[in-house]
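Next comes model17.tsv, with TSV, C-alpha atoms and all ligand atoms.
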```tsv
chain	number	residue	atom	x	y	z
A	17	MET	CA	93.27	204.71	154.12
A	18	ALA	CA	90.73	203.93	156.86
A	19	LEU	CA	87.77	205.12	154.78
A	20	SER	CA	88.37	202.54	152.11
A	21	GLN	CA	88.63	199.61	154.52
A	22	PRO	CA	85.73	197.17	154.31
A	23	ALA	CA	83.67	197.10	157.48
A	24	PRO	CA	83.78	193.70	159.24
A	25	ALA	CA	80.49	191.87	159.55
A	26	SER	CA	78.89	191.72	162.98
A	27	ALA	CA	77.54	188.55	164.52
A	28	ALA	CA	74.05	189.42	163.27
A	29	GLY	CA	75.34	189.75	159.72
A	30	ALA	CA	74.96	193.54	159.58
A	31	PRO	CA	78.18	195.45	158.85
A	32	ALA	CA	79.81	196.71	162.06
A	33	VAL	CA	80.14	200.47	162.25
A	34	ARG	CA	83.70	201.72	161.97
A	35	ASN	CA	85.01	205.14	162.90
A	36	PRO	CA	85.89	206.62	159.50
A	37	GLN	CA	88.71	208.65	161.10
A	38	SER	CA	90.59	205.73	162.58
A	39	SER	CA	91.50	202.16	161.80
A	40	ARG	CA	91.78	201.35	165.51
A	41	PRO	CA	88.95	199.47	167.21
A	42	ASN	CA	86.38	201.98	168.44
A	43	TRP	CA	86.52	200.68	172.02
A	44	LEU	CA	90.25	201.34	172.38
A	45	TYR	CA	90.17	205.08	173.00
A	46	PRO	CA	87.25	205.09	175.49
A	47	THR	CA	88.76	202.16	177.38
A	48	ALA	CA	92.13	203.88	177.66
A	49	VAL	CA	90.39	207.03	178.89
A	50	VAL	CA	88.41	205.17	181.54
A	51	VAL	CA	91.44	203.23	182.81
A	52	VAL	CA	93.88	206.16	182.98
A	53	PHE	CA	91.41	208.77	184.22
A	54	SER	CA	90.02	206.43	186.87
A	55	ALA	CA	93.49	205.62	188.13
A	56	PHE	CA	94.38	209.32	188.24
A	57	ILE	CA	91.17	210.23	190.07
A	58	VAL	CA	91.63	207.46	192.65
A	59	TYR	CA	95.24	208.51	193.19
A	60	GLY	CA	94.24	212.19	193.53
A	61	VAL	CA	91.47	211.43	196.02
A	62	VAL	CA	93.75	209.27	198.19
A	63	VAL	CA	96.55	211.84	198.19
A	64	GLY	CA	94.16	214.76	198.69
A	65	LEU	CA	92.38	213.18	201.64
A	66	PHE	CA	95.09	211.25	203.40
A	67	GLU	CA	98.39	213.02	202.76
A	68	THR	CA	99.16	215.99	204.98
A	69	SER	CA	102.01	217.54	202.99
A	70	GLY	CA	103.32	217.83	199.47
A	71	ARG	CA	106.67	219.32	200.35
A	72	TYR	CA	110.03	217.62	200.44
A	73	GLY	CA	112.88	220.06	201.00
A	74	PRO	CA	112.77	222.54	198.12
A	75	TYR	CA	110.23	220.55	196.13
A	76	LEU	CA	106.50	221.20	196.34
A	77	SER	CA	103.93	218.96	194.69
A	78	PRO	CA	101.45	220.68	192.35
A	79	PHE	CA	98.71	218.88	194.29
A	80	PHE	CA	99.59	221.04	197.31
A	81	SER	CA	100.52	224.36	195.74
A	82	PRO	CA	100.00	226.95	197.12
A	83	GLU	CA	100.50	225.55	200.61
A	84	ILE	CA	97.47	226.20	202.79
A	85	TYR	CA	97.37	224.73	206.28
A	86	VAL	CA	94.19	225.24	208.28
A	87	ARG	CA	93.47	223.59	211.62
A	88	ILE	CA	90.04	223.37	213.13
A	89	GLY	CA	89.93	222.22	216.72
A	90	GLY	CA	93.47	220.90	216.38
A	91	PHE	CA	92.53	218.85	213.33
A	92	LEU	CA	94.45	219.62	210.15
A	93	ILE	CA	92.15	219.99	207.16
A	94	PRO	CA	93.82	218.02	204.33
A	95	PRO	CA	95.74	220.78	202.50
A	96	GLY	CA	95.06	219.29	199.07
A	97	ILE	CA	91.34	219.98	199.53
A	98	TRP	CA	91.86	223.74	199.09
A	99	ILE	CA	93.73	223.29	195.81
A	100	ALA	CA	91.94	220.41	194.07
A	101	PRO	CA	88.70	222.21	193.10
A	102	PHE	CA	90.47	224.57	190.69
A	103	PRO	CA	92.40	222.14	188.43
A	104	LEU	CA	89.49	219.74	188.75
A	105	ALA	CA	87.00	222.36	187.52
A	106	PHE	CA	89.41	223.38	184.77
A	107	ARG	CA	89.93	219.85	183.45
A	108	LEU	CA	86.34	218.71	183.87
A	109	THR	CA	85.09	221.66	181.81
A	110	CYS	CA	87.92	221.55	179.25
A	111	TYR	CA	86.63	221.03	175.72
A	112	TYR	CA	89.00	218.12	175.14
A	113	TYR	CA	88.23	216.37	178.42
A	114	ARG	CA	84.51	216.70	177.72
A	115	LYS	CA	85.01	214.70	174.58
A	116	ALA	CA	87.16	212.18	176.42
A	117	TYR	CA	84.83	211.51	179.33
A	118	TYR	CA	81.65	211.70	177.29
A	119	ARG	CA	83.10	208.97	175.11
A	120	GLY	CA	84.92	206.98	177.75
A	121	PHE	CA	82.52	207.04	180.68
A	122	LEU	CA	79.17	207.85	179.10
A	123	TRP	CA	79.54	206.40	175.57
A	124	HIS	CA	78.04	209.62	174.38
A	125	PRO	CA	78.98	208.42	171.72
A	126	ARG	CA	81.98	206.17	172.30
A	127	SER	CA	83.43	206.95	168.88
A	128	CYS	CA	82.68	208.79	165.64
A	129	ALA	CA	79.95	207.14	163.58
A	130	VAL	CA	78.95	204.84	166.44
A	131	ALA	CA	75.36	204.97	167.59
A	132	GLU	CA	74.69	205.80	171.24
A	133	PRO	CA	72.58	203.75	173.58
A	134	HIS	CA	69.06	205.20	173.71
A	135	ARG	CA	68.79	207.79	176.47
A	136	GLY	CA	65.70	209.87	175.82
A	137	SER	CA	65.74	213.42	174.56
A	138	TYR	CA	69.00	215.20	173.99
A	139	ARG	CA	69.46	218.30	176.11
A	140	GLY	CA	73.03	219.21	175.27
A	141	GLU	CA	75.00	220.92	178.01
A	142	THR	CA	72.03	222.52	179.65
A	143	ARG	CA	70.79	220.93	182.85
A	144	PHE	CA	73.35	219.02	184.90
A	145	TRP	CA	76.13	219.77	182.43
A	146	LEU	CA	75.47	223.49	182.53
A	147	PHE	CA	78.55	223.98	184.71
A	148	ASN	CA	80.69	223.11	181.70
A	149	ASN	CA	79.95	226.60	180.40
A	150	LEU	CA	81.97	228.03	183.28
A	151	HIS	CA	85.25	226.93	181.73
A	152	ARG	CA	86.44	230.48	181.16
A	153	PHE	CA	86.19	231.27	184.87
A	154	ALA	CA	88.10	228.11	185.76
A	155	LEU	CA	90.76	229.31	183.32
A	156	TYR	CA	91.18	232.59	185.21
A	157	ALA	CA	91.74	230.70	188.46
A	158	ILE	CA	94.19	228.30	186.87
A	159	ILE	CA	96.27	231.11	185.36
A	160	VAL	CA	96.80	232.37	188.92
A	161	GLN	CA	97.82	228.87	190.00
A	162	MET	CA	100.21	228.64	187.04
A	163	ALA	CA	102.01	231.74	188.34
A	164	VAL	CA	102.39	229.99	191.72
A	165	LEU	CA	103.70	226.80	190.08
A	166	PHE	CA	106.27	228.80	188.11
A	167	TYR	CA	107.35	230.38	191.38
A	168	ASP	CA	107.66	226.93	193.00
A	169	ALA	CA	109.78	225.60	190.13
A	170	ILE	CA	112.14	228.59	190.27
A	171	ALA	CA	112.27	228.75	194.07
A	172	ALA	CA	113.31	225.08	194.20
A	173	PHE	CA	116.68	226.07	192.76
A	174	TYR	CA	117.44	227.88	195.99
A	175	TYR	CA	117.43	225.99	199.26
A	176	GLN	CA	118.95	226.57	202.69
A	177	GLY	CA	120.78	229.65	201.49
A	178	ALA	CA	122.46	228.06	198.48
A	179	PHE	CA	121.89	227.12	194.86
A	180	HIS	CA	120.34	223.69	194.58
A	181	LEU	CA	120.09	221.36	191.60
A	182	GLY	CA	118.58	217.90	191.62
A	183	LEU	CA	116.33	215.58	189.66
A	184	GLY	CA	113.34	217.19	191.36
A	185	ASN	CA	114.21	220.55	189.78
A	186	LEU	CA	114.12	219.00	186.32
A	187	ILE	CA	110.78	217.34	187.07
A	188	LEU	CA	109.23	220.58	188.36
A	189	VAL	CA	110.43	222.53	185.30
A	190	VAL	CA	109.13	219.92	182.84
A	191	ASN	CA	105.84	219.94	184.72
A	192	VAL	CA	105.29	223.71	184.43
A	193	VAL	CA	106.29	223.62	180.75
A	194	LEU	CA	103.73	220.90	180.00
A	195	LEU	CA	101.08	222.60	182.13
A	196	SER	CA	101.74	225.85	180.27
A	197	GLY	CA	101.33	224.10	176.93
A	198	TYR	CA	97.97	222.83	178.10
A	199	THR	CA	96.73	225.97	179.86
A	200	PHE	CA	97.84	228.50	177.26
A	201	GLY	CA	96.44	226.41	174.40
A	202	CYS	CA	92.97	226.57	175.97
A	203	HIS	CA	90.06	227.11	173.58
A	204	ALA	CA	88.54	229.70	175.90
A	205	LEU	CA	91.81	231.65	175.98
A	206	ARG	CA	91.98	231.48	172.19
A	207	HIS	CA	88.51	232.91	171.99
A	208	LEU	CA	89.37	235.53	174.57
A	209	PHE	CA	92.16	236.83	172.33
A	210	GLY	CA	90.64	236.11	168.94
A	211	GLY	CA	86.94	236.65	169.56
A	212	THR	CA	86.71	239.70	167.38
A	213	ASP	CA	85.31	240.49	163.94
A	214	CYS	CA	88.33	242.54	162.94
A	215	PHE	CA	91.79	241.03	163.42
A	216	SER	CA	93.59	243.90	161.71
A	217	CYS	CA	92.09	246.31	164.25
A	218	HIS	CA	93.77	244.48	167.13
A	219	ARG	CA	97.31	243.54	166.20
A	220	VAL	CA	98.34	242.48	169.70
A	221	ARG	CA	95.26	240.33	170.12
A	222	TYR	CA	95.90	238.78	166.72
A	223	GLN	CA	99.48	237.86	167.67
A	224	LEU	CA	98.29	236.40	170.97
A	225	TRP	CA	95.58	234.44	169.16
A	226	LYS	CA	98.21	233.02	166.79
A	227	GLY	CA	100.38	232.01	169.74
A	228	VAL	CA	97.51	230.23	171.49
A	229	THR	CA	96.59	228.55	168.21
A	230	VAL	CA	100.03	226.96	167.92
A	231	LEU	CA	99.43	225.19	171.25
A	232	ASN	CA	95.73	224.66	170.66
A	233	VAL	CA	96.32	222.49	167.59
A	234	ASN	CA	97.66	219.74	169.85
A	235	HIS	CA	95.50	220.46	172.87
A	236	GLU	CA	94.71	216.77	173.37
A	237	VAL	CA	98.41	215.89	173.55
A	238	TRP	CA	99.11	218.70	176.01
A	239	ALA	CA	96.12	217.59	178.09
A	240	TRP	CA	97.46	214.04	178.46
A	241	ALA	CA	101.09	215.06	178.88
A	242	SER	CA	100.32	217.66	181.54
A	243	MET	CA	98.05	215.31	183.48
A	244	LEU	CA	100.73	212.63	183.50
A	245	SER	CA	103.40	215.15	184.48
A	246	VAL	CA	101.36	216.45	187.43
A	247	TRP	CA	100.79	212.87	188.49
A	248	GLY	CA	104.44	211.91	188.05
A	249	THR	CA	105.65	214.98	189.91
A	250	ASP	CA	103.53	214.16	192.92
A	251	VAL	CA	104.58	210.50	192.83
A	252	TYR	CA	108.25	211.48	192.80
A	253	ILE	CA	107.91	213.91	195.71
A	254	ARG	CA	105.75	211.48	197.65
A	255	LEU	CA	108.32	208.72	197.25
A	256	LEU	CA	110.89	211.12	198.67
A	257	ILE	CA	108.60	212.08	201.56
A	258	HIS	CA	108.00	208.46	202.48
A	259	GLY	CA	111.65	207.53	202.13
A	260	VAL	CA	111.03	205.07	199.28
A	261	ILE	CA	113.62	206.82	197.12
A	262	PRO	CA	116.90	206.89	198.98
A	263	HIS	CA	118.31	210.37	199.17
A	264	GLY	CA	121.09	212.13	200.78
A	265	PRO	CA	121.22	214.87	201.30
A	266	TRP	CA	119.07	215.71	198.26
A	267	ASN	CA	117.86	214.21	195.03
B	1	LIG	FE1	90.97	222.58	177.34
B	1	LIG	FE2	90.39	225.14	177.97
B	1	LIG	S1	89.60	223.94	176.40
B	1	LIG	S2	91.88	223.82	178.85
```
For the file at hand, write its structure as structure tokens.
Amino acid sequence: MALSQPAPASAAGAPAVRNPQSSRPNWLYPTAVVVVFSAFIVYGVVVGLFETSGRYGPYLSPFFSPEIYVRIGGFLIPPGIWIAPFPLAFRLTCYYYRKAYYRGFLWHPRSCAVAEPHRGSYRGETRFWLFNNLHRFALYAIIVQMAVLFYDAIAAFYYQGAFHLGLGNLILVVNVVLLSGYTFGCHALRHLFGGTDCFSCHRVRYQLWKGVTVLNVNHEVWAWASMLSVWGTDVYIRLLIHGVIPHGPWN
């Protein structure tokens, strides 16, 4: 058991601090977070700013759903710009992602039982981080987007007047399932249903709270899986758009 492991000595002779919850090196998790999140953010920015469409035949990328095309003076505003703020706000204010980026990017702290670098007085999520308290409102917006993504996944089965089935359909369905596991396991949604002093007075709310709890237990896993699925879905559709994946007539 990790708790019983002797702590290795540091170079100065003092025992190195070890996360009592994990036998893994305490830099591993924050490093993985920084690498994967940074790659995702760079990818998202490039696609959002420089790609003009997320549609290939019946398939629509979640980065571009719903499709909004606005031209100003003949110049097409990158469509992804209208969509990105909502999932971005939702993930940035998510309770799990807060832990991940506080640890990964800010070392705040980088692991349990590891001291932080000195940074003056602690203000919690008050000043700059105050926006994190708006998570519930981001949730409302993302539930609307989830309905659109479900529509996209179902609509992709019907194309040019006929039933259509391809690898893209499977990818879109897996994506909405993983996104649902993440969205509907949200802590704010759990509180929305279960934030009451009397469960027995609200049987429906209690059942909903239990349902959200099932997903909430593994919120971290859903968060990673859904982020990777959104990413993978866009990559697949983009490879089709750019002709990297041979197709004909459809994949
Ligand atoms: Fe993670 Fe709400 S707490 S999505």
Near-Ala116 in chain A list (10 Å; only C-alpha atoms; drop same-chain fewer than 3 positions) as a list in words:
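My reading of the contact set: Tyr45, Pro46, Ala48, Val49, Val50, Phe53, Leu108, Cys110, Tyr111, Tyr112, Tyr113, Arg119, Gly120, Phe121, Leu122, Trp123, His124, Arg126, Ser127 and Glu236 of chain A.
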Between CA of Pro74 in chain A and CA of Leu92 in chain A, measure the distance and give it in Å to one decimal.
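Value for the CA of Pro74 in chain A-CA of Leu92 in chain A distance: 22.1 Å.
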Could you list, with a cut-off of 12 Å and counting only C-alpha atoms, the residues of range 62-90 of chain A near range 172-185 of chain A, each shown with its nearest atom pair and the distance in Å rounded to one decimal, rows sorted by chain and ascending number, as a Markdown table?
```
| residue | atom | partner | partner_atom | distance |
| --- | --- | --- | --- | --- |
| A:Arg71 | CA | A:Ala172 | CA | 10.7 |
| A:Tyr72 | CA | A:Gly184 | CA | 9.7 |
| A:Gly73 | CA | A:Tyr175 | CA | 7.7 |
| A:Pro74 | CA | A:Ala172 | CA | 4.7 |
| A:Tyr75 | CA | A:Ala172 | CA | 5.8 |
| A:Leu76 | CA | A:Ala172 | CA | 8.1 |
| A:Ser77 | CA | A:Gly184 | CA | 10.1 |
```
Please check which protein, DNA or RNA residues sit within 9 Å of ligand LIG 1 (chain B), counting only C-alpha atoms and all ligand atoms, and write them as a PyMOL selection string.
chain A and resi 106-114+151-152+154-155+198-206+232+235-236+239
Please produce an output containing C-alpha atoms for each residue in the selection, written as a JSON list (two decimals), in the coordinates of the input.
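New file again38.json:
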```json
[["chain", "number", "residue", "atom", "x", "y", "z"],
["A", 106, "PHE", "CA", 89.41, 223.38, 184.77],
["A", 107, "ARG", "CA", 89.93, 219.85, 183.45],
["A", 108, "LEU", "CA", 86.34, 218.71, 183.87],
["A", 109, "THR", "CA", 85.09, 221.66, 181.81],
["A", 110, "CYS", "CA", 87.92, 221.55, 179.25],
["A", 111, "TYR", "CA", 86.63, 221.03, 175.72],
["A", 112, "TYR", "CA", 89.00, 218.12, 175.14],
["A", 113, "TYR", "CA", 88.23, 216.37, 178.42],
["A", 114, "ARG", "CA", 84.51, 216.70, 177.72],
["A", 151, "HIS", "CA", 85.25, 226.93, 181.73],
["A", 152, "ARG", "CA", 86.44, 230.48, 181.16],
["A", 154, "ALA", "CA", 88.10, 228.11, 185.76],
["A", 155, "LEU", "CA", 90.76, 229.31, 183.32],
["A", 198, "TYR", "CA", 97.97, 222.83, 178.10],
["A", 199, "THR", "CA", 96.73, 225.97, 179.86],
["A", 200, "PHE", "CA", 97.84, 228.50, 177.26],
["A", 201, "GLY", "CA", 96.44, 226.41, 174.40],
["A", 202, "CYS", "CA", 92.97, 226.57, 175.97],
["A", 203, "HIS", "CA", 90.06, 227.11, 173.58],
["A", 204, "ALA", "CA", 88.54, 229.70, 175.90],
["A", 205, "LEU", "CA", 91.81, 231.65, 175.98],
["A", 206, "ARG", "CA", 91.98, 231.48, 172.19],
["A", 232, "ASN", "CA", 95.73, 224.66, 170.66],
["A", 235, "HIS", "CA", 95.50, 220.46, 172.87],
["A", 236, "GLU", "CA", 94.71, 216.77, 173.37],
["A", 239, "ALA", "CA", 96.12, 217.59, 178.09]]
```
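The space separating CA of Gly210 in chain A from CA of Trp225 in chain A comes to 5.2 Å.
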